[in-house]
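Next comes structure.cif, with mmCIF, C-alpha atoms.
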```
data_target
#
loop_
_atom_site.label_atom_id
_atom_site.label_comp_id
_atom_site.auth_asym_id
_atom_site.auth_seq_id
_atom_site.Cartn_x
_atom_site.Cartn_y
_atom_site.Cartn_z
CA MET N 273 148.26 91.66 88.31
CA ASP N 274 146.21 92.73 85.31
CA LYS N 275 144.35 90.38 82.97
CA ILE N 276 146.99 90.52 80.21
CA ASN N 277 149.74 89.53 82.67
CA ILE N 278 147.58 86.71 84.04
CA ILE N 279 146.87 85.39 80.54
CA ASP N 280 150.55 85.56 79.61
CA SER N 281 151.58 83.83 82.83
CA ILE N 282 149.00 81.05 82.36
CA ASN N 283 149.94 80.50 78.73
CA SER N 284 153.65 80.37 79.60
CA PHE N 285 153.38 77.79 82.35
CA LEU N 286 150.90 75.68 80.38
CA SER N 287 153.16 75.72 77.33
CA GLU N 288 156.16 74.71 79.43
CA GLU N 289 154.41 72.13 81.62
CA PHE N 290 152.51 70.38 78.83
CA GLU N 291 155.10 70.95 76.08
CA VAL N 292 152.64 72.68 73.77
CA ASP N 293 153.48 75.49 71.35
CA LYS N 294 152.22 78.73 72.88
CA SER N 295 150.60 79.68 69.55
CA LEU N 296 148.10 76.82 70.02
CA ILE N 297 146.80 78.34 73.25
CA THR N 298 144.12 80.63 71.84
CA PRO N 299 141.01 81.95 73.63
CA GLN N 300 138.52 79.64 71.88
CA ALA N 301 140.73 76.52 71.83
CA SER N 302 139.69 73.53 73.93
CA ILE N 303 141.87 73.15 77.01
CA LYS N 304 141.54 69.37 77.09
CA GLU N 305 142.25 68.82 73.39
CA THR N 306 145.03 71.41 73.05
CA LEU N 307 146.94 70.18 76.09
CA GLY N 308 146.03 66.50 75.62
CA LEU N 309 144.77 66.24 79.20
CA ASP N 310 143.83 63.09 81.02
CA SER N 311 142.33 62.91 84.51
CA LEU N 312 145.72 63.04 86.26
CA ASP N 313 146.68 66.13 84.28
CA PHE N 314 143.69 67.96 85.76
CA VAL N 315 145.20 67.35 89.20
CA ASP N 316 148.51 68.78 87.96
CA LEU N 317 146.69 71.87 86.69
CA VAL N 318 145.04 72.44 90.06
CA VAL N 319 148.48 72.28 91.71
CA LEU N 320 149.93 74.66 89.09
CA ILE N 321 147.19 77.20 89.77
CA GLU N 322 147.85 77.07 93.49
CA ARG N 323 151.61 77.37 93.01
CA ASN N 324 151.44 80.20 90.47
CA PHE N 325 148.50 82.23 91.78
CA GLY N 326 148.14 81.31 95.45
CA PHE N 327 144.56 80.08 95.57
CA LYS N 328 143.10 76.61 95.80
CA MET N 329 140.83 75.34 93.10
CA ALA N 330 138.59 72.31 93.33
CA GLY N 331 139.08 69.80 90.54
CA GLU N 332 135.36 69.95 89.84
CA GLU N 333 135.68 73.69 89.16
CA PHE N 334 138.35 73.08 86.57
CA THR N 335 136.41 70.43 84.70
CA LYS N 336 133.70 73.05 84.01
CA LEU N 337 136.20 75.19 82.09
CA LYS N 338 136.19 74.28 78.40
CA THR N 339 138.25 76.94 76.62
CA PHE N 340 141.35 78.92 77.51
CA GLU N 341 139.14 82.01 77.62
CA ASP N 342 137.09 80.31 80.37
CA PHE N 343 140.30 79.40 82.19
CA HIS N 344 141.83 82.88 81.93
CA GLY N 345 138.60 84.50 83.14
CA PHE N 346 138.29 82.08 86.06
CA VAL N 347 141.83 82.81 87.29
CA TYR N 348 141.41 86.56 86.74
CA ASP N 349 138.14 86.63 88.70
CA HIS N 350 139.72 84.72 91.58
CA MET N 351 142.72 87.02 91.63
CA GLN N 352 140.39 90.04 91.78
CA GLN N 353 138.51 88.51 94.71
CA LYS N 354 141.79 87.70 96.43
CA ILE N 355 142.90 91.34 96.34
CA GLY N 356 139.42 92.60 97.14
CA ALA N 357 138.90 94.50 93.90
#
```
How does the structure come out when it is put into structure tokens?
Amino acid sequence: MDKINIIDSINSFLSEEFEVDKSLITPQASIKETLGLDSLDFVDLVVLIERNFGFKMAGEEFTKLKTFEDFHGFVYDHMQQKIGA
């Protein structure tokens, strides 16, 4: 899966799960503010990552990600490691 497909997939499931207009999910936008996340929502996001991309993510890892660009890059890097690229 290339980076564009990963970004599109992430943006789609985030938009659907958190009922946010996809146009608000921009690279420099704050994940927490855009999605209106509370601490339980972070747990949901960890589960969504595992379900959609097949790798486990520690909640502490996610809290370090501030923007959607950070999030997209994190998932992309993990997917590359997973396939051994």
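For the set N:Asp313, N:Glu333, N:Asp280, N:Asp349, the residue with the smallest atom-to-atom gap to N:Pro299 is N:Asp280, counting all atoms listed in the file.
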Apply the PyMOL selection byres ((chain N and resi 291-294) around 12) to the file shown and report the selected residues as a PyMOL selection string. chain N and resi 279-290+295-299+301+303+305-309+340
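For N:Met273, the non-local neighbours within 12 Å, defined as residues at least 2 positions apart in the same chain or in other chains and counting all atoms listed in the file, are Lys275, Ile276, Asn277, Ile278, Ile279, Asp280, Ser281, Phe325, Val347, Tyr348, Asp349, His350, Met351, Gln352, Lys354, Ile355 and Ala357 of chain N.
Of the listed residues N:Asp274, N:Ala330, N:Asn324, N:Lys336, the one whose atoms come nearest to N:Lys304 is N:Lys336, with distances taken using all atoms listed in the file.
Atom CA of N:Phe334 is found 12.0 Å from atom CA of N:Leu320.
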